[in-house]
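Coordinates from target_2.cif are shown below (mmCIF, C-alpha atoms and all ligand atoms; chains and numbers go by the auth columns).
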```cif
data_model
loop_
_atom_site.group_PDB
_atom_site.id
_atom_site.type_symbol
_atom_site.label_atom_id
_atom_site.label_comp_id
_atom_site.label_asym_id
_atom_site.label_seq_id
_atom_site.Cartn_x
_atom_site.Cartn_y
_atom_site.Cartn_z
_atom_site.B_iso_or_equiv
_atom_site.auth_seq_id
_atom_site.auth_asym_id
ATOM 1 C CA MET A 1 73.031 90.253 113.659 0.00 1 L
ATOM 2 C CA LYS A 2 69.466 91.170 112.688 0.00 2 L
ATOM 3 C CA ARG A 3 68.657 91.620 116.341 0.00 3 L
ATOM 4 C CA ALA A 4 71.327 94.277 116.614 0.00 4 L
ATOM 5 C CA ILE A 5 69.663 96.433 113.971 0.00 5 L
ATOM 6 C CA LYS A 6 68.400 99.628 115.547 0.00 6 L
ATOM 7 C CA ALA A 7 67.118 101.475 112.514 0.00 7 L
ATOM 8 C CA LEU A 8 65.902 100.591 109.056 0.00 8 L
ATOM 9 C CA VAL A 9 66.879 103.107 106.410 0.00 9 L
ATOM 10 C CA PHE A 10 65.023 102.906 103.101 0.00 10 L
ATOM 11 C CA ASP A 11 65.983 104.072 99.670 0.00 11 L
ATOM 12 C CA ALA A 12 63.094 106.014 98.164 0.00 12 L
ATOM 13 C CA TYR A 13 62.819 105.761 94.372 0.00 13 L
ATOM 14 C CA GLY A 14 62.290 102.220 93.156 0.00 14 L
ATOM 15 C CA THR A 15 62.062 100.902 96.722 0.00 15 L
ATOM 16 C CA LEU A 16 59.115 102.778 98.269 0.00 16 L
ATOM 17 C CA PHE A 17 57.940 104.841 95.305 0.00 17 L
ATOM 18 C CA ASP A 18 57.456 103.344 91.866 0.00 18 L
ATOM 19 C CA VAL A 19 59.399 105.550 89.441 0.00 19 L
ATOM 20 C CA HIS A 20 57.636 103.832 86.572 0.00 20 L
ATOM 21 C CA SER A 21 54.273 105.121 87.751 0.00 21 L
ATOM 22 C CA VAL A 22 55.153 107.943 85.330 0.00 22 L
ATOM 23 C CA VAL A 23 54.451 105.579 82.399 0.00 23 L
ATOM 24 C CA SER A 24 50.750 106.436 82.091 0.00 24 L
ATOM 25 C CA LEU A 25 51.355 110.188 81.863 0.00 25 L
ATOM 26 C CA CYS A 26 54.329 109.624 79.512 0.00 26 L
ATOM 27 C CA ASP A 27 51.979 107.566 77.347 0.00 27 L
ATOM 28 C CA GLU A 28 49.286 110.232 77.462 0.00 28 L
ATOM 29 C CA VAL A 29 51.757 112.941 76.406 0.00 29 L
ATOM 30 C CA PHE A 30 53.609 110.745 73.893 0.00 30 L
ATOM 31 C CA PRO A 31 51.228 107.917 72.880 0.00 31 L
ATOM 32 C CA GLY A 32 53.003 104.604 72.405 0.00 32 L
ATOM 33 C CA HIS A 33 56.273 105.824 73.946 0.00 33 L
ATOM 34 C CA GLY A 34 55.414 105.714 77.656 0.00 34 L
ATOM 35 C CA ALA A 35 57.397 102.653 78.676 0.00 35 L
ATOM 36 C CA ALA A 36 60.473 103.507 76.582 0.00 36 L
ATOM 37 C CA LEU A 37 60.527 107.094 77.851 0.00 37 L
ATOM 38 C CA SER A 38 60.125 106.036 81.465 0.00 38 L
ATOM 39 C CA GLN A 39 62.954 103.466 81.159 0.00 39 L
ATOM 40 C CA LEU A 40 65.416 105.818 79.510 0.00 40 L
ATOM 41 C CA TRP A 41 64.472 108.702 81.822 0.00 41 L
ATOM 42 C CA ARG A 42 65.269 106.609 84.903 0.00 42 L
ATOM 43 C CA ILE A 43 68.503 105.156 83.468 0.00 43 L
ATOM 44 C CA LYS A 44 69.791 108.619 82.574 0.00 44 L
ATOM 45 C CA GLN A 45 68.681 110.083 85.900 0.00 45 L
ATOM 46 C CA LEU A 46 70.884 107.584 87.756 0.00 46 L
ATOM 47 C CA GLU A 47 73.740 107.929 85.258 0.00 47 L
ATOM 48 C CA TYR A 48 73.764 111.708 85.626 0.00 48 L
ATOM 49 C CA SER A 49 73.776 111.422 89.420 0.00 49 L
ATOM 50 C CA TRP A 50 76.877 109.187 89.269 0.00 50 L
ATOM 51 C CA LEU A 51 78.589 111.322 86.618 0.00 51 L
ATOM 52 C CA ARG A 52 77.980 114.555 88.488 0.00 52 L
ATOM 53 C CA SER A 53 79.406 113.017 91.674 0.00 53 L
ATOM 54 C CA LEU A 54 82.510 111.880 89.763 0.00 54 L
ATOM 55 C CA MET A 55 82.863 115.269 88.092 0.00 55 L
ATOM 56 C CA GLY A 56 82.508 117.096 91.405 0.00 56 L
ATOM 57 C CA ARG A 57 79.699 119.098 89.797 0.00 57 L
ATOM 58 C CA TYR A 58 76.695 118.509 92.001 0.00 58 L
ATOM 59 C CA GLU A 59 73.297 119.655 90.866 0.00 59 L
ATOM 60 C CA ASN A 60 70.297 118.662 92.927 0.00 60 L
ATOM 61 C CA PHE A 61 68.156 115.661 92.001 0.00 61 L
ATOM 62 C CA TRP A 62 65.334 117.775 90.625 0.00 62 L
ATOM 63 C CA HIS A 63 67.710 119.283 88.046 0.00 63 L
ATOM 64 C CA VAL A 64 69.322 115.905 87.376 0.00 64 L
ATOM 65 C CA THR A 65 65.870 114.390 86.807 0.00 65 L
ATOM 66 C CA GLU A 66 64.887 117.214 84.459 0.00 66 L
ATOM 67 C CA SER A 67 68.143 116.946 82.452 0.00 67 L
ATOM 68 C CA ALA A 68 67.578 113.204 82.145 0.00 68 L
ATOM 69 C CA LEU A 69 64.036 113.803 80.849 0.00 69 L
ATOM 70 C CA VAL A 70 65.301 116.284 78.242 0.00 70 L
ATOM 71 C CA PHE A 71 67.939 113.797 77.056 0.00 71 L
ATOM 72 C CA ALA A 72 65.488 110.892 76.971 0.00 72 L
ATOM 73 C CA CYS A 73 62.950 112.873 74.909 0.00 73 L
ATOM 74 C CA LYS A 74 65.603 114.007 72.442 0.00 74 L
ATOM 75 C CA THR A 75 66.961 110.481 72.070 0.00 75 L
ATOM 76 C CA LEU A 76 63.482 109.104 71.374 0.00 76 L
ATOM 77 C CA ARG A 77 62.828 111.996 68.930 0.00 77 L
ATOM 78 C CA LEU A 78 59.966 113.321 71.053 0.00 78 L
ATOM 79 C CA THR A 79 59.423 117.075 71.038 0.00 79 L
ATOM 80 C CA CYS A 80 58.698 118.068 74.607 0.00 80 L
ATOM 81 C CA SER A 81 57.398 121.594 75.243 0.00 81 L
ATOM 82 C CA PRO A 82 58.269 123.377 78.515 0.00 82 L
ATOM 83 C CA ALA A 83 54.648 122.847 79.644 0.00 83 L
ATOM 84 C CA GLN A 84 54.820 119.101 78.908 0.00 84 L
ATOM 85 C CA ARG A 85 58.189 118.882 80.635 0.00 85 L
ATOM 86 C CA GLY A 86 56.736 120.619 83.699 0.00 86 L
ATOM 87 C CA ARG A 87 53.792 118.247 83.739 0.00 87 L
ATOM 88 C CA LEU A 88 56.000 115.164 83.496 0.00 88 L
ATOM 89 C CA MET A 89 58.352 116.472 86.183 0.00 89 L
ATOM 90 C CA ARG A 90 55.484 117.036 88.589 0.00 90 L
ATOM 91 C CA THR A 91 54.722 113.301 88.542 0.00 91 L
ATOM 92 C CA TYR A 92 57.864 112.945 90.671 0.00 92 L
ATOM 93 C CA LEU A 93 56.090 114.835 93.452 0.00 93 L
ATOM 94 C CA ALA A 94 53.278 112.263 93.578 0.00 94 L
ATOM 95 C CA LEU A 95 54.742 108.883 92.624 0.00 95 L
ATOM 96 C CA LYS A 96 52.696 105.807 93.503 0.00 96 L
ATOM 97 C CA LEU A 97 53.732 103.620 96.403 0.00 97 L
ATOM 98 C CA PHE A 98 54.446 99.966 95.691 0.00 98 L
ATOM 99 C CA PRO A 99 51.442 97.996 97.013 0.00 99 L
ATOM 100 C CA ASP A 100 53.399 96.267 99.808 0.00 100 L
ATOM 101 C CA VAL A 101 54.898 99.404 101.362 0.00 101 L
ATOM 102 C CA ARG A 102 52.228 100.730 103.689 0.00 102 L
ATOM 103 C CA GLU A 103 51.492 97.451 105.451 0.00 103 L
ATOM 104 C CA ALA A 104 55.162 96.462 105.679 0.00 104 L
ATOM 105 C CA LEU A 105 56.124 99.778 107.287 0.00 105 L
ATOM 106 C CA THR A 106 53.416 99.278 109.888 0.00 106 L
ATOM 107 C CA ALA A 107 54.731 95.765 110.596 0.00 107 L
ATOM 108 C CA LEU A 108 58.256 97.163 110.944 0.00 108 L
ATOM 109 C CA GLY A 109 57.106 99.833 113.362 0.00 109 L
ATOM 110 C CA ASP A 110 59.338 98.541 116.208 0.00 110 L
ATOM 111 C CA PHE A 111 62.364 99.858 114.355 0.00 111 L
ATOM 112 C CA ARG A 112 63.347 103.474 113.906 0.00 112 L
ATOM 113 C CA LEU A 113 62.458 104.057 110.270 0.00 113 L
ATOM 114 C CA ALA A 114 64.181 106.539 107.971 0.00 114 L
ATOM 115 C CA ILE A 115 64.617 107.363 104.300 0.00 115 L
ATOM 116 C CA LEU A 116 68.005 108.079 102.729 0.00 116 L
ATOM 117 C CA SER A 117 67.563 109.251 99.177 0.00 117 L
ATOM 118 C CA ASN A 118 69.113 111.170 96.337 0.00 118 L
ATOM 119 C CA GLY A 119 65.882 113.168 96.105 0.00 119 L
ATOM 120 C CA THR A 120 65.827 116.774 97.263 0.00 120 L
ATOM 121 C CA PRO A 121 64.099 117.528 100.575 0.00 121 L
ATOM 122 C CA ARG A 122 61.207 119.099 98.635 0.00 122 L
ATOM 123 C CA MET A 123 60.793 116.092 96.327 0.00 123 L
ATOM 124 C CA LEU A 124 60.867 113.674 99.253 0.00 124 L
ATOM 125 C CA ARG A 125 58.490 115.707 101.405 0.00 125 L
ATOM 126 C CA ALA A 126 56.024 115.851 98.520 0.00 126 L
ATOM 127 C CA ALA A 127 56.251 112.128 97.718 0.00 127 L
ATOM 128 C CA VAL A 128 55.883 111.124 101.379 0.00 128 L
ATOM 129 C CA LYS A 129 52.929 113.458 101.863 0.00 129 L
ATOM 130 C CA SER A 130 51.099 112.552 98.663 0.00 130 L
ATOM 131 C CA SER A 131 51.374 108.847 99.442 0.00 131 L
ATOM 132 C CA GLY A 132 50.032 109.333 102.968 0.00 132 L
ATOM 133 C CA LEU A 133 53.238 108.206 104.697 0.00 133 L
ATOM 134 C CA ASP A 134 53.406 111.315 106.881 0.00 134 L
ATOM 135 C CA GLY A 135 54.711 110.362 110.284 0.00 135 L
ATOM 136 C CA ALA A 136 55.941 106.911 109.196 0.00 136 L
ATOM 137 C CA PHE A 137 59.592 107.976 109.252 0.00 137 L
ATOM 138 C CA ALA A 138 61.626 109.438 112.096 0.00 138 L
ATOM 139 C CA HIS A 139 63.972 111.002 109.522 0.00 139 L
ATOM 140 C CA VAL A 140 63.767 111.768 105.826 0.00 140 L
ATOM 141 C CA ILE A 141 67.395 112.297 104.853 0.00 141 L
ATOM 142 C CA SER A 142 68.391 113.838 101.535 0.00 142 L
ATOM 143 C CA VAL A 143 71.918 113.589 100.119 0.00 143 L
ATOM 144 C CA ASP A 144 71.429 117.247 99.229 0.00 144 L
ATOM 145 C CA GLY A 145 72.912 117.850 102.688 0.00 145 L
ATOM 146 C CA VAL A 146 76.326 116.576 101.487 0.00 146 L
ATOM 147 C CA GLU A 147 75.968 117.272 97.754 0.00 147 L
ATOM 148 C CA VAL A 148 77.141 113.846 96.649 0.00 148 L
ATOM 149 C CA TYR A 149 75.000 110.995 95.362 0.00 149 L
ATOM 150 C CA LYS A 150 74.761 107.378 96.404 0.00 150 L
ATOM 151 C CA PRO A 151 76.739 105.106 96.189 0.00 151 L
ATOM 152 C CA SER A 152 79.387 107.556 97.440 0.00 152 L
ATOM 153 C CA PRO A 153 80.320 106.735 101.081 0.00 153 L
ATOM 154 C CA GLY A 154 79.637 110.368 101.999 0.00 154 L
ATOM 155 C CA ALA A 155 75.956 109.848 101.242 0.00 155 L
ATOM 156 C CA TYR A 156 75.628 106.852 103.597 0.00 156 L
ATOM 157 C CA GLU A 157 77.667 108.648 106.246 0.00 157 L
ATOM 158 C CA LEU A 158 74.949 111.267 106.382 0.00 158 L
ATOM 159 C CA ALA A 159 72.569 108.593 107.642 0.00 159 L
ATOM 160 C CA THR A 160 74.848 107.494 110.500 0.00 160 L
ATOM 161 C CA GLU A 161 75.438 111.123 111.460 0.00 161 L
ATOM 162 C CA THR A 162 71.741 111.899 111.455 0.00 162 L
ATOM 163 C CA LEU A 163 70.679 108.733 113.290 0.00 163 L
ATOM 164 C CA LYS A 164 73.694 108.765 115.601 0.00 164 L
ATOM 165 C CA ILE A 165 74.095 105.005 115.485 0.00 165 L
ATOM 166 C CA ASP A 166 76.987 102.780 114.400 0.00 166 L
ATOM 167 C CA LYS A 167 77.104 101.458 110.839 0.00 167 L
ATOM 168 C CA PRO A 168 76.370 97.765 111.613 0.00 168 L
ATOM 169 C CA ALA A 169 73.269 98.800 113.571 0.00 169 L
ATOM 170 C CA VAL A 170 71.810 100.341 110.424 0.00 170 L
ATOM 171 C CA GLY A 171 69.727 98.064 108.219 0.00 171 L
ATOM 172 C CA PHE A 172 69.720 99.578 104.764 0.00 172 L
ATOM 173 C CA VAL A 173 66.924 98.547 102.401 0.00 173 L
ATOM 174 C CA SER A 174 66.959 99.208 98.668 0.00 174 L
ATOM 175 C CA SER A 175 65.652 97.781 95.405 0.00 175 L
ATOM 176 C CA ASN A 176 68.585 99.312 93.569 0.00 176 L
ATOM 177 C CA SER A 177 71.424 96.802 93.544 0.00 177 L
ATOM 178 C CA PHE A 178 74.073 99.507 93.054 0.00 178 L
ATOM 179 C CA ASP A 179 72.748 101.151 96.223 0.00 179 L
ATOM 180 C CA VAL A 180 72.898 97.901 98.190 0.00 180 L
ATOM 181 C CA ASN A 181 76.501 97.420 97.057 0.00 181 L
ATOM 182 C CA GLY A 182 77.385 100.961 98.122 0.00 182 L
ATOM 183 C CA ALA A 183 75.687 100.609 101.501 0.00 183 L
ATOM 184 C CA LYS A 184 77.285 97.219 102.167 0.00 184 L
ATOM 185 C CA ALA A 185 80.728 98.534 101.179 0.00 185 L
ATOM 186 C CA PHE A 186 80.136 101.390 103.623 0.00 186 L
ATOM 187 C CA GLY A 187 79.394 98.947 106.446 0.00 187 L
ATOM 188 C CA PHE A 188 75.608 98.759 106.769 0.00 188 L
ATOM 189 C CA TRP A 189 73.604 95.543 107.125 0.00 189 L
ATOM 190 C CA THR A 190 71.769 95.407 103.831 0.00 190 L
ATOM 191 C CA CYS A 191 68.581 94.063 102.326 0.00 191 L
ATOM 192 C CA TRP A 192 68.035 93.947 98.579 0.00 192 L
ATOM 193 C CA VAL A 193 64.386 94.130 97.569 0.00 193 L
ATOM 194 C CA ASN A 194 64.593 92.281 94.280 0.00 194 L
ATOM 195 C CA ARG A 195 61.184 93.285 92.975 0.00 195 L
ATOM 196 C CA SER A 196 61.919 92.414 89.354 0.00 196 L
ATOM 197 C CA ASP A 197 63.643 89.079 89.945 0.00 197 L
ATOM 198 C CA GLY A 198 66.895 90.420 88.495 0.00 198 L
ATOM 199 C CA TYR A 199 70.574 89.676 89.005 0.00 199 L
ATOM 200 C CA PRO A 200 72.614 91.660 91.509 0.00 200 L
ATOM 201 C CA ASP A 201 75.251 94.025 90.175 0.00 201 L
ATOM 202 C CA GLU A 202 78.712 92.505 89.962 0.00 202 L
ATOM 203 C CA LEU A 203 80.319 95.008 92.309 0.00 203 L
ATOM 204 C CA GLY A 204 81.508 92.599 94.974 0.00 204 L
ATOM 205 C CA PHE A 205 79.200 93.417 97.906 0.00 205 L
ATOM 206 C CA MET A 206 76.324 90.997 98.324 0.00 206 L
ATOM 207 C CA ALA A 207 73.223 91.891 100.312 0.00 207 L
ATOM 208 C CA ASP A 208 72.874 90.254 103.729 0.00 208 L
ATOM 209 C CA LEU A 209 69.284 89.443 102.855 0.00 209 L
ATOM 210 C CA THR A 210 67.434 89.349 99.551 0.00 210 L
ATOM 211 C CA VAL A 211 63.637 89.502 99.482 0.00 211 L
ATOM 212 C CA LYS A 212 61.044 89.871 96.739 0.00 212 L
ATOM 213 C CA ASP A 213 59.161 92.667 98.500 0.00 213 L
ATOM 214 C CA LEU A 214 58.921 94.549 101.802 0.00 214 L
ATOM 215 C CA THR A 215 56.325 92.148 103.181 0.00 215 L
ATOM 216 C CA GLU A 216 58.947 89.397 103.023 0.00 216 L
ATOM 217 C CA LEU A 217 61.433 91.664 104.826 0.00 217 L
ATOM 218 C CA ALA A 218 58.930 92.330 107.620 0.00 218 L
ATOM 219 C CA ASP A 219 58.118 88.605 107.915 0.00 219 L
ATOM 220 C CA THR A 220 61.793 87.611 107.936 0.00 220 L
ATOM 221 C CA LEU A 221 62.732 90.116 110.618 0.00 221 L
ATOM 222 C CA ALA A 222 59.736 89.107 112.731 0.00 222 L
ATOM 223 C CA ARG A 223 60.692 85.416 112.422 0.00 223 L
ATOM 224 C CA SER A 224 64.334 86.044 113.212 0.00 224 L
ATOM 225 C CA ARG A 225 63.355 87.806 116.438 0.00 225 L
ATOM 226 C CA VAL A 226 61.254 84.844 117.473 0.00 226 L
ATOM 227 C CA VAL A 227 64.213 82.561 116.822 0.00 227 L
ATOM 228 C CA VAL A 228 66.709 84.785 118.563 0.00 228 L
ATOM 229 C CA SER A 229 64.720 85.586 121.734 0.00 229 L
ATOM 230 C CA PRO A 230 64.624 82.111 123.341 0.00 230 L
ATOM 231 C CA ARG A 231 68.364 81.765 122.840 0.00 231 L
ATOM 232 C CA LYS A 232 68.906 84.995 124.683 0.00 232 L
ATOM 233 C CA ASP A 233 66.566 83.802 127.444 0.00 233 L
ATOM 234 C CA ARG A 234 68.623 80.642 127.897 0.00 234 L
ATOM 235 C CA LEU A 235 71.776 82.682 128.330 0.00 235 L
ATOM 236 C CA ARG A 236 70.383 84.620 131.242 0.00 236 L
HETATM 237 C C1 LIG B . 67.136 107.222 95.585 0.00 301 Q
HETATM 238 C C2 LIG B . 67.489 106.675 94.232 0.00 301 Q
HETATM 239 C C3 LIG B . 68.719 105.850 94.256 0.00 301 Q
HETATM 240 O O1 LIG B . 65.969 107.274 96.013 0.00 301 Q
HETATM 241 O O2 LIG B . 66.508 105.935 93.679 0.00 301 Q
HETATM 242 O O3 LIG B . 68.080 107.642 96.254 0.00 301 Q
#
```

Do you think you could lay out the structure here as structure tokens?
Ligand code: LAC
Amino acid sequence: MKRAIKALVFDAYGTLFDVHSVVSLCDEVFPGHGAALSQLWRIKQLEYSWLRSLMGRYENFWHVTESALVFACKTLRLTCSPAQRGRLMRTYLALKLFPDVREALTALGDFRLAILSNGTPRMLRAAVKSSGLDGAFAHVISVDGVEVYKPSPGAYELATETLKIDKPAVGFVSSNSFDVNGAKAFGFWTCWVNRSDGYPDELGFMADLTVKDLTELADTLARSRVVVSPRKDRLR
């Protein structure tokens, strides 16, 4: 199965880029509230993406992220000026990479690599550029092209259309369990990067592979090739 994978498609936020790298600026702007603000901001960002998809009222991920920040600040009783809001939002254009990403992507270089993310093309371009991943991906695909958020099947379909390969030949990699469930339900081979040692969502679609980070994914795929190749040789 793993041998049949032609492309690896990565989720962006939480998988490649650490959304909680905003904590230090949140803490600088609102001392003592950084972690709570970051947590609530992210939860609401995802919630609004799902709600907007259900409502049929798409707004791009930049707006969704900003609305989530406004809600999170209000809920935590933090008065956020337009200038502070702008500053916090700009962190999304330069999120930190998780430490394993760069090396793992190099090790996975035999595959066609792509991103499929809720982020807008501008947000994704900026994050890829600022983290020095320019050229690492053959495609950076934004759901903005179909105006529906993951885990809607339409979002994953955009990846197959762009890559022009069949669903089972796509290996989809995400740290977000809801995203893995959506991708698996759609028909992709899936890998859950369980960075925080959590439990998978109870949505009925288990990942084909669960790893603790991308290094483990690269190692596992490399090993599986070694195992698979001799068998193929014997069949010749
Ligand atoms: C993304 C969200 C799910 O990058 O984190 O699409």

Determine the residue set returned by the PyMOL selection byres (((chain L and resi 71) around 12) and not hetatm) for the present structure, and present it as number ranges by chain. L: 37-38, 40-45, 47-48, 64-70, 72-80, 85

From the list L:Ser177, L:Gln84, L:Ser24, L:Gln39, which residue is nearest ligand LIG 301 (chain Q) when using only C-alpha atoms and all ligand atoms?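 Ranked by minimum distance to ligand LIG 301 (chain Q), first place goes to L:Ser177.
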
Any residue with an atom at most 9 Å from ligand LIG 301 (chain Q) counts, using all atoms listed in the file. Which are they? Put them as a PyMOL selection string. chain L and resi 10-17+19+42+46+49+115-119+124+142-143+149-151+174-176+178-179

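Between L:Ala138 and the residues L:Pro121, L:Ala114, L:Gly187, L:Glu157, the shortest atom-to-atom distance, using only C-alpha atoms, involves L:Ala114.
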
Could you check which of L:His139, L:Arg102, L:Lys96, L:Arg125 is closest to L:Ser21, using only C-alpha atoms?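 Closest candidate: L:Lys96.
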
Going by the chain IDs and residue numbers used in this file, which residues fall under the PyMOL selection byres (((chain L and resi 29) around 10) and not hetatm)? Write them as a ChimeraX atom specification. /L:23-28,30-34,78,80,84-85,87-88

If you keep C-alpha atoms, can you produce a file of those selected residues as a PDB file, in the frame of the given file?
```
ATOM      1  CA  VAL L  23      54.451 105.579  82.399  1.00  0.00           C
ATOM      2  CA  SER L  24      50.750 106.436  82.091  1.00  0.00           C
ATOM      3  CA  LEU L  25      51.355 110.188  81.863  1.00  0.00           C
ATOM      4  CA  CYS L  26      54.329 109.624  79.512  1.00  0.00           C
ATOM      5  CA  ASP L  27      51.979 107.566  77.347  1.00  0.00           C
ATOM      6  CA  GLU L  28      49.286 110.232  77.462  1.00  0.00           C
ATOM      7  CA  PHE L  30      53.609 110.745  73.893  1.00  0.00           C
ATOM      8  CA  PRO L  31      51.228 107.917  72.880  1.00  0.00           C
ATOM      9  CA  GLY L  32      53.003 104.604  72.405  1.00  0.00           C
ATOM     10  CA  HIS L  33      56.273 105.824  73.946  1.00  0.00           C
ATOM     11  CA  GLY L  34      55.414 105.714  77.656  1.00  0.00           C
ATOM     12  CA  LEU L  78      59.966 113.321  71.053  1.00  0.00           C
ATOM     13  CA  CYS L  80      58.698 118.068  74.607  1.00  0.00           C
ATOM     14  CA  GLN L  84      54.820 119.101  78.908  1.00  0.00           C
ATOM     15  CA  ARG L  85      58.189 118.882  80.635  1.00  0.00           C
ATOM     16  CA  ARG L  87      53.792 118.247  83.739  1.00  0.00           C
ATOM     17  CA  LEU L  88      56.000 115.164  83.496  1.00  0.00           C
TER      18      LEU L  88
END
```

In file coordinates, which residues lie within 6 Å of (77.2, 104.5, 99.7) using only C-alpha atoms, given as a list of chain:residue names? L:Lys150, L:Pro151, L:Ser152, L:Pro153, L:Ala155, L:Tyr156, L:Gly182, L:Ala183, L:Phe186

Work out how far apart atom CA of L:Leu203 and atom CA of L:Val9 are and give it in Å to one decimal. 21.1 Å

For atom CA of L:Ala136 and atom CA of L:Leu97, the interatomic separation in Å (one decimal):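 If I compute the distance from atom CA of L:Ala136 to atom CA of L:Leu97, I get 13.4 Å.
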
Gap from atom CA of L:Thr190 to atom CA of L:Phe172 - Å, one decimal: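 Distance between the two atoms: 4.7 Å.
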
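When all atoms listed in the file are used to measure the gap to L:Leu113, the shortest distance among L:Phe137, L:Thr215, L:Asp197, L:Lys129 belongs to L:Phe137.
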
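Taking all atoms listed in the file into account, those protein, DNA and RNA residues with any atom at most 6 Å away from (71.3, 102.0, 110.6) amount to L:Ala7, L:Leu8, L:Lys167, L:Ala169, L:Val170, L:Gly171.
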
Since we have the selection now, will you write its residues out, keeping C-alpha atoms, as a compact mmCIF listing (two decimals), keeping the file's coordinate frame?
```
# COMPACT_ATOMS: atom_id res chain seq x y z
CA ALA L 7 67.12 101.48 112.51
CA LEU L 8 65.90 100.59 109.06
CA LYS L 167 77.10 101.46 110.84
CA ALA L 169 73.27 98.80 113.57
CA VAL L 170 71.81 100.34 110.42
CA GLY L 171 69.73 98.06 108.22
```

So which one's closest to L:Asp144, L:Gly204, L:Thr220, L:Leu108, L:Ser53? Using all atoms listed in the file, please.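 Distance minimum relative to L:Asp144 lands on L:Ser53.
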
Run through the PyMOL selection byres (((chain L and resi 131) around 8) and not hetatm) on the given coordinates and return the selected residues as a VMD selection string. chain L and resid 94 to 97 127 to 130 132 to 133

Take every atom of stretch 9-15 of chain L listed in the file, pad by 8 Å on each side, and give me the axis-aligned box centre and edge lengths in Å, one decimal, as lines of an AutoDock Vina configuration file.
```
center_x = 64.5
center_y = 103.5
center_z = 99.8
size_x = 20.8
size_y = 21.1
size_z = 29.3
```

When distances are computed from only C-alpha atoms, which of L:Ala36, L:Lys184, L:Arg122, L:Ala107 shows the smallest separation from L:Met206? L:Lys184
